[in-house]
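Novice: Contents of final.csv (CSV, N, CA and C atoms):
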chain,number,residue,atom,x,y,z
A,1,MET,N,12.7,11.2,-7.3
A,1,MET,CA,12.1,9.9,-7.5
A,1,MET,C,10.6,9.9,-6.9
A,2,PRO,N,10.0,11.0,-6.7
A,2,PRO,CA,8.6,10.9,-6.2
A,2,PRO,C,7.7,10.2,-7.1
A,3,ASN,N,7.8,10.4,-8.5
A,3,ASN,CA,6.9,9.7,-9.4
A,3,ASN,C,7.1,8.2,-9.3
A,4,ILE,N,8.4,7.7,-9.2
A,4,ILE,CA,8.6,6.3,-9.1
A,4,ILE,C,8.1,5.7,-7.8
A,5,ARG,N,8.4,6.4,-6.7
A,5,ARG,CA,7.8,5.9,-5.4
A,5,ARG,C,6.3,5.9,-5.5
A,6,SER,N,5.7,6.8,-6.1
A,6,SER,CA,4.2,6.8,-6.2
A,6,SER,C,3.8,5.6,-7.0
A,7,LEU,N,4.5,5.3,-8.1
A,7,LEU,CA,4.1,4.1,-8.9
A,7,LEU,C,4.3,2.8,-8.1
A,8,VAL,N,5.3,2.7,-7.2
A,8,VAL,CA,5.5,1.6,-6.4
A,8,VAL,C,4.4,1.5,-5.3
A,9,TRP,N,4.0,2.6,-4.7
A,9,TRP,CA,2.9,2.6,-3.7
A,9,TRP,C,1.6,2.2,-4.3
A,10,GLU,N,1.4,2.7,-5.5
A,10,GLU,CA,0.1,2.4,-6.2
A,10,GLU,C,0.1,0.9,-6.6
A,11,THR,N,1.2,0.4,-7.0
A,11,THR,CA,1.3,-1.1,-7.3
A,11,THR,C,1.0,-1.9,-6.0
A,12,LEU,N,1.6,-1.5,-4.9
A,12,LEU,CA,1.3,-2.2,-3.6
A,12,LEU,C,-0.1,-2.0,-3.1
A,13,ARG,N,-0.7,-0.8,-3.5
A,13,ARG,CA,-2.1,-0.6,-3.1
A,13,ARG,C,-3.0,-1.6,-3.9
A,14,PHE,N,-2.7,-1.7,-5.1
A,14,PHE,CA,-3.5,-2.6,-6.0
A,14,PHE,C,-3.3,-4.1,-5.6
A,15,LYS,N,-2.0,-4.5,-5.3
A,15,LYS,CA,-1.7,-5.9,-5.0
A,15,LYS,C,-0.9,-5.9,-3.7
A,16,PRO,N,-1.5,-5.8,-2.6
A,16,PRO,CA,-0.8,-5.8,-1.3
A,16,PRO,C,0.0,-7.1,-1.1
A,17,PRO,N,1.3,-7.0,-0.7
A,17,PRO,CA,2.1,-8.2,-0.5
A,17,PRO,C,1.5,-9.2,0.5
A,18,VAL,N,0.8,-8.7,1.5
A,18,VAL,CA,0.1,-9.6,2.4
A,18,VAL,C,-1.3,-9.1,2.5
A,19,PRO,N,-2.2,-9.8,1.7
A,19,PRO,CA,-3.6,-9.3,1.6
A,19,PRO,C,-4.5,-9.4,2.9
A,20,THR,N,-4.2,-10.4,3.7
A,20,THR,CA,-5.0,-10.5,5.0
A,20,THR,C,-4.0,-10.5,6.2
A,21,GLN,N,-4.5,-9.9,7.2
A,21,GLN,CA,-3.8,-9.9,8.5
A,21,GLN,C,-4.7,-10.2,9.6
A,22,TYR,N,-4.3,-11.0,10.5
A,22,TYR,CA,-5.1,-11.4,11.7
A,22,TYR,C,-4.4,-11.0,13.0
A,23,SER,N,-5.2,-10.7,14.0
A,23,SER,CA,-4.7,-10.4,15.3
A,23,SER,C,-5.8,-10.6,16.3
A,24,ARG,N,-5.5,-10.6,17.6
A,24,ARG,CA,-6.4,-10.6,18.7
A,24,ARG,C,-6.4,-9.3,19.3
A,25,ALA,N,-7.6,-8.8,19.7
A,25,ALA,CA,-7.7,-7.5,20.3
A,25,ALA,C,-7.0,-7.6,21.7
A,26,ARG,N,-6.2,-6.6,22.0
A,26,ARG,CA,-5.4,-6.5,23.3
A,26,ARG,C,-6.2,-5.9,24.4
A,27,LYS,N,-7.3,-5.2,24.0
A,27,LYS,CA,-8.2,-4.5,25.0
A,27,LYS,C,-9.5,-4.2,24.3
A,28,ASP,N,-10.5,-3.9,25.1
A,28,ASP,CA,-11.8,-3.5,24.5
A,28,ASP,C,-11.7,-2.1,23.8
A,29,PHE,N,-12.3,-2.0,22.7
A,29,PHE,CA,-12.3,-0.7,22.0
A,29,PHE,C,-13.4,-0.7,21.0
A,30,ARG,N,-13.7,0.5,20.5
A,30,ARG,CA,-14.7,0.8,19.4
A,30,ARG,C,-13.9,1.0,18.1
A,31,LEU,N,-14.3,0.1,17.1
A,31,LEU,CA,-13.8,0.2,15.8
A,31,LEU,C,-14.8,0.9,14.9
A,32,SER,N,-14.4,2.1,14.3
A,32,SER,CA,-15.3,2.9,13.5
A,32,SER,C,-14.9,3.0,12.1
A,33,SER,N,-15.9,3.0,11.2
A,33,SER,CA,-15.6,3.2,9.8
A,33,SER,C,-16.4,4.5,9.4
A,34,HIS,N,-16.5,4.7,8.1
A,34,HIS,CA,-17.2,5.9,7.6
A,34,HIS,C,-18.7,5.8,8.0
A,35,ASP,N,-19.3,4.6,8.1
A,35,ASP,CA,-20.7,4.6,8.2
A,35,ASP,C,-21.2,3.6,9.3
A,36,ALA,N,-20.3,3.0,10.1
A,36,ALA,CA,-20.6,2.0,11.1
A,36,ALA,C,-19.6,2.1,12.2
A,37,SER,N,-20.0,1.4,13.3
A,37,SER,CA,-19.1,1.4,14.5
A,37,SER,C,-19.4,0.0,15.2
A,38,PHE,N,-18.3,-0.6,15.7
A,38,PHE,CA,-18.4,-1.9,16.2
A,38,PHE,C,-17.7,-2.0,17.6
A,39,GLU,N,-18.3,-2.6,18.6
A,39,GLU,CA,-17.6,-2.8,19.9
A,39,GLU,C,-16.8,-4.1,19.8
A,40,ILE,N,-15.5,-4.0,20.0
A,40,ILE,CA,-14.6,-5.1,20.0
A,40,ILE,C,-14.1,-5.4,21.4
A,41,LYS,N,-14.2,-6.6,21.8
A,41,LYS,CA,-13.8,-7.1,23.2
A,41,LYS,C,-12.4,-7.7,23.1
A,42,LYS,N,-11.7,-7.5,24.2
A,42,LYS,CA,-10.4,-8.1,24.4
A,42,LYS,C,-10.4,-9.6,24.1
A,43,GLY,N,-9.4,-10.0,23.3
A,43,GLY,CA,-9.3,-11.4,22.9
A,43,GLY,C,-10.0,-11.8,21.6
A,44,GLU,N,-10.9,-10.9,21.1
A,44,GLU,CA,-11.6,-11.3,19.9
A,44,GLU,C,-10.7,-11.3,18.7
A,45,LEU,N,-10.9,-12.2,17.8
A,45,LEU,CA,-10.1,-12.4,16.6
A,45,LEU,C,-10.5,-11.3,15.6
A,46,LEU,N,-9.5,-10.6,15.0
A,46,LEU,CA,-9.8,-9.5,14.0
A,46,LEU,C,-9.1,-9.9,12.8
A,47,CYS,N,-9.7,-9.6,11.6
A,47,CYS,CA,-9.1,-9.8,10.3
A,47,CYS,C,-9.2,-8.6,9.5
A,48,GLY,N,-8.1,-8.2,8.9
A,48,GLY,CA,-8.1,-7.0,8.0
A,48,GLY,C,-7.8,-7.5,6.6
A,49,TYR,N,-8.7,-7.2,5.7
A,49,TYR,CA,-8.5,-7.6,4.3
A,49,TYR,C,-8.1,-6.4,3.5
A,50,LEU,N,-6.8,-6.3,3.3
A,50,LEU,CA,-6.2,-5.0,2.7
A,50,LEU,C,-6.7,-4.6,1.3
A,51,PRO,N,-6.9,-5.6,0.4
A,51,PRO,CA,-7.4,-5.1,-0.9
A,51,PRO,C,-8.7,-4.3,-0.8
A,52,LEU,N,-9.5,-4.7,0.2
A,52,LEU,CA,-10.8,-3.9,0.4
A,52,LEU,C,-10.5,-2.6,1.0
A,53,VAL,N,-9.6,-2.6,2.0
A,53,VAL,CA,-9.3,-1.3,2.7
A,53,VAL,C,-8.7,-0.3,1.8
A,54,MET,N,-7.8,-0.7,0.9
A,54,MET,CA,-7.1,0.2,0.0
A,54,MET,C,-7.8,0.5,-1.3
A,55,ARG,N,-9.1,0.1,-1.3
A,55,ARG,CA,-9.9,0.5,-2.5
A,55,ARG,C,-11.2,1.2,-2.0
A,56,ASP,N,-11.1,1.8,-0.9
A,56,ASP,CA,-12.2,2.6,-0.3
A,56,ASP,C,-12.5,3.8,-1.1
A,57,PRO,N,-13.7,3.9,-1.7
A,57,PRO,CA,-14.0,5.1,-2.5
A,57,PRO,C,-14.1,6.4,-1.8
A,58,VAL,N,-14.3,6.3,-0.5
A,58,VAL,CA,-14.4,7.5,0.3
A,58,VAL,C,-13.0,8.1,0.5
A,59,ILE,N,-12.0,7.3,0.5
A,59,ILE,CA,-10.6,7.8,0.6
A,59,ILE,C,-9.9,8.0,-0.8
A,60,PHE,N,-10.0,7.0,-1.6
A,60,PHE,CA,-9.3,7.0,-2.9
A,60,PHE,C,-10.2,7.3,-4.0
A,61,ASN,N,-10.0,8.4,-4.7
A,61,ASN,CA,-10.7,8.8,-5.9
A,61,ASN,C,-10.5,7.7,-7.0
A,62,ASP,N,-11.6,7.2,-7.5
A,62,ASP,CA,-11.6,6.2,-8.6
A,62,ASP,C,-10.6,5.0,-8.2
A,63,PRO,N,-11.0,4.3,-7.1
A,63,PRO,CA,-10.1,3.4,-6.5
A,63,PRO,C,-9.7,2.1,-7.3
A,64,ASP,N,-10.6,1.8,-8.3
A,64,ASP,CA,-10.3,0.6,-9.1
A,64,ASP,C,-9.5,0.9,-10.3
A,65,THR,N,-9.0,2.2,-10.5
A,65,THR,CA,-8.2,2.6,-11.6
A,65,THR,C,-6.8,2.8,-11.1
A,66,PHE,N,-5.8,2.2,-11.8
A,66,PHE,CA,-4.4,2.3,-11.5
A,66,PHE,C,-3.9,3.7,-11.9
A,67,GLN,N,-3.5,4.5,-11.0
A,67,GLN,CA,-3.1,5.9,-11.2
A,67,GLN,C,-1.7,6.0,-10.7
A,68,PRO,N,-0.6,5.9,-11.5
A,68,PRO,CA,0.7,5.9,-11.0
A,68,PRO,C,1.2,7.1,-10.3
A,69,ASP,N,0.5,8.3,-10.5
A,69,ASP,CA,0.8,9.5,-9.9
A,69,ASP,C,-0.1,9.8,-8.7
A,70,ARG,N,-0.8,8.9,-8.2
A,70,ARG,CA,-1.8,9.1,-7.1
A,70,ARG,C,-1.2,9.6,-5.9
A,71,PHE,N,0.1,9.3,-5.6
A,71,PHE,CA,0.7,9.6,-4.3
A,71,PHE,C,1.8,10.7,-4.5
A,72,VAL,N,1.7,11.5,-5.6
A,72,VAL,CA,2.6,12.7,-5.8
A,72,VAL,C,1.9,13.9,-5.3
A,73,GLY,N,2.7,14.8,-4.8
A,73,GLY,CA,2.3,16.1,-4.3
A,73,GLY,C,1.7,16.1,-2.9
A,74,GLU,N,1.2,17.2,-2.4
A,74,GLU,CA,0.6,17.3,-1.1
A,74,GLU,C,-0.6,16.4,-0.9
A,75,LYS,N,-1.5,16.4,-1.8
A,75,LYS,CA,-2.7,15.5,-1.7
A,75,LYS,C,-2.2,14.0,-1.7
A,76,GLY,N,-1.3,13.7,-2.5
A,76,GLY,CA,-0.8,12.3,-2.6
A,76,GLY,C,-0.1,11.9,-1.3
A,77,THR,N,0.7,12.8,-0.7
A,77,THR,CA,1.4,12.5,0.5
A,77,THR,C,0.3,12.3,1.7
A,78,GLU,N,-0.8,13.0,1.6
A,78,GLU,CA,-1.8,12.8,2.6
A,78,GLU,C,-2.4,11.4,2.5
A,79,LEU,N,-2.5,10.9,1.3
A,79,LEU,CA,-3.1,9.6,1.2
A,79,LEU,C,-2.2,8.4,1.7
A,80,LEU,N,-1.0,8.7,1.9
A,80,LEU,CA,-0.1,7.6,2.4
A,80,LEU,C,-0.5,7.1,3.8
A,81,LYS,N,-1.2,7.9,4.6
A,81,LYS,CA,-1.6,7.4,5.9
A,81,LYS,C,-2.7,6.3,5.8
A,82,TYR,N,-3.3,6.2,4.5
A,82,TYR,CA,-4.3,5.2,4.3
A,82,TYR,C,-3.8,3.9,3.6
A,83,LEU,N,-2.5,3.9,3.4
A,83,LEU,CA,-1.8,2.6,2.8
A,83,LEU,C,-1.4,1.8,4.0
A,84,TYR,N,-2.1,0.6,4.1
A,84,TYR,CA,-1.8,-0.3,5.2
A,84,TYR,C,-1.1,-1.5,4.8
A,85,TRP,N,0.0,-1.9,5.4
A,85,TRP,CA,0.7,-3.1,5.3
A,85,TRP,C,1.6,-3.2,6.5
A,86,SER,N,2.0,-4.4,6.8
A,86,SER,CA,2.9,-4.6,7.9
A,86,SER,C,2.4,-4.1,9.2
A,87,ASN,N,1.1,-4.2,9.5
A,87,ASN,CA,0.5,-3.9,10.7
A,87,ASN,C,0.4,-2.4,11.0
A,88,GLY,N,0.4,-1.6,10.0
A,88,GLY,CA,0.3,-0.1,10.2
A,88,GLY,C,0.3,0.6,8.9
A,89,PRO,N,0.2,2.0,9.0
A,89,PRO,CA,0.2,2.8,7.8
A,89,PRO,C,1.6,3.0,7.2
A,90,GLU,N,1.7,3.4,6.0
A,90,GLU,CA,3.0,3.6,5.3
A,90,GLU,C,3.7,4.8,6.1
A,91,THR,N,3.0,5.7,6.7
A,91,THR,CA,3.6,6.8,7.4
A,91,THR,C,4.1,6.4,8.8
A,92,GLY,N,3.7,5.2,9.3
A,92,GLY,CA,4.1,4.8,10.6
A,92,GLY,C,5.6,4.3,10.7
A,93,ASP,N,6.1,4.3,11.8
A,93,ASP,CA,7.5,3.7,12.0
A,93,ASP,C,7.4,2.4,12.8
A,94,PRO,N,8.2,1.5,12.5
A,94,PRO,CA,8.2,0.2,13.3
A,94,PRO,C,8.8,0.5,14.7
A,95,THR,N,8.0,-0.1,15.7
A,95,THR,CA,8.5,-0.1,17.1
A,95,THR,C,8.3,-1.5,17.7
A,96,ALA,N,8.8,-1.7,18.9
A,96,ALA,CA,8.6,-3.0,19.5
A,96,ALA,C,7.1,-3.3,19.9
A,97,THR,N,6.3,-2.2,20.0
A,97,THR,CA,4.9,-2.4,20.4
A,97,THR,C,3.9,-2.5,19.3
A,98,ASN,N,4.3,-2.0,18.1
A,98,ASN,CA,3.3,-2.0,17.0
A,98,ASN,C,3.5,-3.2,16.0
A,99,LYS,N,4.5,-3.9,16.1
A,99,LYS,CA,4.8,-5.1,15.2
A,99,LYS,C,4.8,-4.7,13.7
A,100,GLN,N,5.2,-3.5,13.4
A,100,GLN,CA,5.3,-3.2,12.0
A,100,GLN,C,6.6,-3.8,11.5
A,101,CYS,N,6.6,-4.2,10.2
A,101,CYS,CA,7.8,-4.8,9.6
A,101,CYS,C,9.0,-3.8,9.6
A,102,MET,N,10.1,-4.2,10.1
A,102,MET,CA,11.3,-3.4,10.1
A,102,MET,C,11.8,-3.1,8.7
A,103,GLY,N,11.5,-3.9,7.8
A,103,GLY,CA,12.0,-3.7,6.4
A,103,GLY,C,11.0,-3.1,5.5
A,104,LYS,N,9.9,-2.5,6.0
A,104,LYS,CA,8.9,-2.0,5.1
A,104,LYS,C,9.4,-0.8,4.3
A,105,ASP,N,10.3,0.0,4.8
A,105,ASP,CA,10.8,1.1,4.0
A,105,ASP,C,11.9,0.6,3.0
A,106,TYR,N,12.6,-0.4,3.4
A,106,TYR,CA,13.5,-1.0,2.5
A,106,TYR,C,12.8,-1.6,1.3
A,107,VAL,N,11.7,-2.2,1.5
A,107,VAL,CA,10.9,-2.8,0.4
A,107,VAL,C,10.5,-1.8,-0.7
A,108,THR,N,10.0,-0.6,-0.2
A,108,THR,CA,9.6,0.4,-1.2
A,108,THR,C,10.8,1.1,-1.8
A,109,LEU,N,11.8,1.2,-1.0
A,109,LEU,CA,13.0,1.8,-1.6
A,109,LEU,C,13.7,0.9,-2.7
A,110,SER,N,13.8,-0.4,-2.4
A,110,SER,CA,14.4,-1.3,-3.3
A,110,SER,C,13.6,-1.5,-4.6
A,111,ALA,N,12.2,-1.5,-4.4
A,111,ALA,CA,11.3,-1.6,-5.5
A,111,ALA,C,11.5,-0.3,-6.4
A,112,SER,N,11.6,0.8,-5.8
A,112,SER,CA,11.7,2.1,-6.5
A,112,SER,C,13.0,2.1,-7.3
A,113,MET,N,14.1,1.6,-6.7
A,113,MET,CA,15.4,1.5,-7.4
A,113,MET,C,15.3,0.6,-8.6
A,114,LEU,N,14.6,-0.5,-8.4
A,114,LEU,CA,14.5,-1.5,-9.5
A,114,LEU,C,13.7,-0.8,-10.7
A,115,VAL,N,12.6,-0.1,-10.4
A,115,VAL,CA,11.8,0.5,-11.4
A,115,VAL,C,12.7,1.6,-12.1
A,116,ALA,N,13.4,2.4,-11.3
A,116,ALA,CA,14.3,3.4,-11.9
A,116,ALA,C,15.4,2.8,-12.8
A,117,TYR,N,15.9,1.7,-12.4
A,117,TYR,CA,16.9,0.9,-13.2
A,117,TYR,C,16.3,0.5,-14.6
A,118,LEU,N,15.1,-0.1,-14.5
A,118,LEU,CA,14.4,-0.6,-15.7
A,118,LEU,C,14.1,0.6,-16.6
A,119,LEU,N,13.6,1.7,-16.1
A,119,LEU,CA,13.3,2.9,-16.9
A,119,LEU,C,14.6,3.5,-17.6
A,120,ARG,N,15.7,3.4,-16.9
A,120,ARG,CA,17.0,3.9,-17.5
A,120,ARG,C,17.4,2.9,-18.6
A,121,ARG,N,17.2,1.6,-18.4
A,121,ARG,CA,17.8,0.6,-19.3
A,121,ARG,C,16.9,0.4,-20.5
A,122,TYR,N,15.6,0.6,-20.4
A,122,TYR,CA,14.7,0.2,-21.5
A,122,TYR,C,13.9,1.4,-21.9
A,123,ASP,N,13.7,1.6,-23.3
A,123,ASP,CA,12.8,2.6,-23.8
A,123,ASP,C,11.4,2.3,-23.7
A,124,SER,N,11.0,1.0,-23.7
A,124,SER,CA,9.7,0.6,-23.7
A,124,SER,C,9.6,-0.7,-22.9
A,125,ILE,N,8.6,-0.8,-22.0
A,125,ILE,CA,8.3,-2.0,-21.2
A,125,ILE,C,6.8,-2.3,-21.3
A,126,SER,N,6.5,-3.5,-21.7
A,126,SER,CA,5.1,-3.9,-21.8
A,126,SER,C,4.8,-5.1,-20.9
A,127,GLY,N,3.6,-5.1,-20.4
A,127,GLY,CA,3.2,-6.2,-19.5
A,127,GLY,C,2.0,-5.9,-18.7
A,128,ASP,N,1.8,-6.8,-17.7
A,128,ASP,CA,0.7,-6.5,-16.8
A,128,ASP,C,1.2,-6.6,-15.4
A,129,PHE,N,0.4,-6.8,-14.4
A,129,PHE,CA,0.8,-6.8,-13.0
A,129,PHE,C,1.8,-8.0,-12.6
A,130,THR,N,1.8,-9.0,-13.4
A,130,THR,CA,2.6,-10.2,-13.1
A,130,THR,C,3.7,-10.5,-14.1
A,131,THR,N,3.6,-10.1,-15.3
A,131,THR,CA,4.5,-10.5,-16.3
A,131,THR,C,4.9,-9.4,-17.2
A,132,ILE,N,6.2,-9.3,-17.5
A,132,ILE,CA,6.7,-8.4,-18.5
A,132,ILE,C,6.7,-9.2,-19.8
A,133,THR,N,6.1,-8.6,-20.8
A,133,THR,CA,5.9,-9.3,-22.1
A,133,THR,C,6.8,-8.8,-23.2
A,134,ALA,N,7.3,-7.6,-23.1
A,134,ALA,CA,8.2,-7.1,-24.1
A,134,ALA,C,9.1,-6.0,-23.6
A,135,LEU,N,10.4,-5.9,-24.0
A,135,LEU,CA,11.3,-4.9,-23.6
A,135,LEU,C,12.0,-4.4,-24.8
A,136,ASP,N,12.2,-3.1,-24.9
A,136,ASP,CA,13.0,-2.4,-26.0
A,136,ASP,C,14.2,-1.8,-25.3
A,137,VAL,N,15.4,-2.3,-25.6
A,137,VAL,CA,16.6,-1.8,-25.0
A,137,VAL,C,16.8,-0.3,-25.4
A,138,ALA,N,17.2,0.5,-24.4
A,138,ALA,CA,17.5,1.9,-24.7
A,138,ALA,C,18.8,2.0,-25.6
A,139,LYS,N,18.7,3.0,-26.4
A,139,LYS,CA,19.8,3.2,-27.4
A,139,LYS,C,20.9,4.1,-26.8
Using structure tokens, write down the structure from this file.
Specialist:
Amino acid sequence: MPNIRSLVWETLRFKPPVPTQYSRARKDFRLSSHDASFEIKKGELLCGYLPLVMRDPVIFNDPDTFQPDRFVGEKGTELLKYLYWSNGPETGDPTATNKQCMGKDYVTLSASMLVAYLLRRYDSISGDFTTITALDVAK
């Protein structure tokens, strides 16, 4: 199921289930990006806008193009650490201290199973990100 899981991850990269996340800094630290650095003080309000983060052209080749096989293979597996939702990367594990969603792995697994079921049941599926417009039942 690596191809199906990759399709699910790419869909979530394009349309994150929670596009913005807020938190307060627990301590002073330096936040660095590819080309800038910021001093963050304890108690300051932080906001992460995930659609912007997950379309970073430095990390994702052709970030505005939907590529269902983006996360397949060794290079694709390496990209998983840049998929952020539920307060951490896809490669992270939920703990009491990082507040990652305990169900994050269940979500991708159940979505992958749903896609696999649809691909088994139908020969052709047409639509966009929000609506299925046509189905051809498998013979």
Novice: Skipping near chain neighbours, those fewer than 3 positions away, what residues fall within 8 Å of Glu10 in chain A using all atoms listed in the file, listed as a list in words?
Specialist: Ile4, Arg5, Ser6, Leu7, Arg13, Phe14, Lys15, Pro16, Phe66, Gln67, Pro68, Asp69, Arg70 and Phe71 of chain A
Novice: Please produce a file of those selected residues containing N, CA and C atoms, as a PDB file, keeping the file's coordinate frame.
Specialist:
ATOM      1  N   ILE A   4       8.400   7.700  -9.200  1.00  0.00           N
ATOM      2  CA  ILE A   4       8.600   6.300  -9.100  1.00  0.00           C
ATOM      3  C   ILE A   4       8.100   5.700  -7.800  1.00  0.00           C
ATOM      4  N   ARG A   5       8.400   6.400  -6.700  1.00  0.00           N
ATOM      5  CA  ARG A   5       7.800   5.900  -5.400  1.00  0.00           C
ATOM      6  C   ARG A   5       6.300   5.900  -5.500  1.00  0.00           C
ATOM      7  N   SER A   6       5.700   6.800  -6.100  1.00  0.00           N
ATOM      8  CA  SER A   6       4.200   6.800  -6.200  1.00  0.00           C
ATOM      9  C   SER A   6       3.800   5.600  -7.000  1.00  0.00           C
ATOM     10  N   LEU A   7       4.500   5.300  -8.100  1.00  0.00           N
ATOM     11  CA  LEU A   7       4.100   4.100  -8.900  1.00  0.00           C
ATOM     12  C   LEU A   7       4.300   2.800  -8.100  1.00  0.00           C
ATOM     13  N   ARG A  13      -0.700  -0.800  -3.500  1.00  0.00           N
ATOM     14  CA  ARG A  13      -2.100  -0.600  -3.100  1.00  0.00           C
ATOM     15  C   ARG A  13      -3.000  -1.600  -3.900  1.00  0.00           C
ATOM     16  N   PHE A  14      -2.700  -1.700  -5.100  1.00  0.00           N
ATOM     17  CA  PHE A  14      -3.500  -2.600  -6.000  1.00  0.00           C
ATOM     18  C   PHE A  14      -3.300  -4.100  -5.600  1.00  0.00           C
ATOM     19  N   LYS A  15      -2.000  -4.500  -5.300  1.00  0.00           N
ATOM     20  CA  LYS A  15      -1.700  -5.900  -5.000  1.00  0.00           C
ATOM     21  C   LYS A  15      -0.900  -5.900  -3.700  1.00  0.00           C
ATOM     22  N   PRO A  16      -1.500  -5.800  -2.600  1.00  0.00           N
ATOM     23  CA  PRO A  16      -0.800  -5.800  -1.300  1.00  0.00           C
ATOM     24  C   PRO A  16       0.000  -7.100  -1.100  1.00  0.00           C
ATOM     25  N   PHE A  66      -5.800   2.200 -11.800  1.00  0.00           N
ATOM     26  CA  PHE A  66      -4.400   2.300 -11.500  1.00  0.00           C
ATOM     27  C   PHE A  66      -3.900   3.700 -11.900  1.00  0.00           C
ATOM     28  N   GLN A  67      -3.500   4.500 -11.000  1.00  0.00           N
ATOM     29  CA  GLN A  67      -3.100   5.900 -11.200  1.00  0.00           C
ATOM     30  C   GLN A  67      -1.700   6.000 -10.700  1.00  0.00           C
ATOM     31  N   PRO A  68      -0.600   5.900 -11.500  1.00  0.00           N
ATOM     32  CA  PRO A  68       0.700   5.900 -11.000  1.00  0.00           C
ATOM     33  C   PRO A  68       1.200   7.100 -10.300  1.00  0.00           C
ATOM     34  N   ASP A  69       0.500   8.300 -10.500  1.00  0.00           N
ATOM     35  CA  ASP A  69       0.800   9.500  -9.900  1.00  0.00           C
ATOM     36  C   ASP A  69      -0.100   9.800  -8.700  1.00  0.00           C
ATOM     37  N   ARG A  70      -0.800   8.900  -8.200  1.00  0.00           N
ATOM     38  CA  ARG A  70      -1.800   9.100  -7.100  1.00  0.00           C
ATOM     39  C   ARG A  70      -1.200   9.600  -5.900  1.00  0.00           C
ATOM     40  N   PHE A  71       0.100   9.300  -5.600  1.00  0.00           N
ATOM     41  CA  PHE A  71       0.700   9.600  -4.300  1.00  0.00           C
ATOM     42  C   PHE A  71       1.800  10.700  -4.500  1.00  0.00           C
TER      43      PHE A  71
END
Novice: Could you go through chain A and tell me which residues DSSP, when run on the backbone, assigns to strand (DSSP E), listing them as a VMD selection string?
Specialist: chain A and resid 20 to 24 29 to 32 37 to 40 45 to 49 84 to 85 88 to 89 122 to 127 132 to 137
Novice: Would you return as a count of residues only the members of chain A that DSSP assigns to helix (DSSP H, G or I) on this structure's backbone?
Specialist: 45
Novice: Tell me, as a VMD selection string, which residues lie within 8 Å of Met54 in chain A, counting only N, CA and C atoms; anything in the same chain fewer than 5 positions away does not count.
Specialist: chain A and resid 12 to 14 49 59 to 60 63 to 64 82 to 84
Novice: When you draw a straight line from atom C of Asn3 in chain A to atom C of Gly73 in chain A, how long is it in Å?
Specialist: 11.5 Å
Novice: Please provide as a PDB file with N, CA and C atoms, in the frame of the given file all residues within 6 Å of Ile40 in chain A, with the sequence filter that same-chain residues fewer than 2 positions apart are discarded (counting only C-alpha atoms).
Specialist:
ATOM      1  N   ASP A  28     -10.500  -3.900  25.100  1.00  0.00           N
ATOM      2  CA  ASP A  28     -11.800  -3.500  24.500  1.00  0.00           C
ATOM      3  C   ASP A  28     -11.700  -2.100  23.800  1.00  0.00           C
ATOM      4  N   PHE A  29     -12.300  -2.000  22.700  1.00  0.00           N
ATOM      5  CA  PHE A  29     -12.300  -0.700  22.000  1.00  0.00           C
ATOM      6  C   PHE A  29     -13.400  -0.700  21.000  1.00  0.00           C
ATOM      7  N   ARG A  30     -13.700   0.500  20.500  1.00  0.00           N
ATOM      8  CA  ARG A  30     -14.700   0.800  19.400  1.00  0.00           C
ATOM      9  C   ARG A  30     -13.900   1.000  18.100  1.00  0.00           C
TER      10      ARG A  30
END
Novice: Just checking: using only C-alpha atoms, which residue out of A:Ala25, A:Met113, A:Leu79, A:Ile132 ends up closest to Leu45 in chain A?
Specialist: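 Looking only at the distances to Leu45 in chain A, the closest residue turns out to be A:Ala25.
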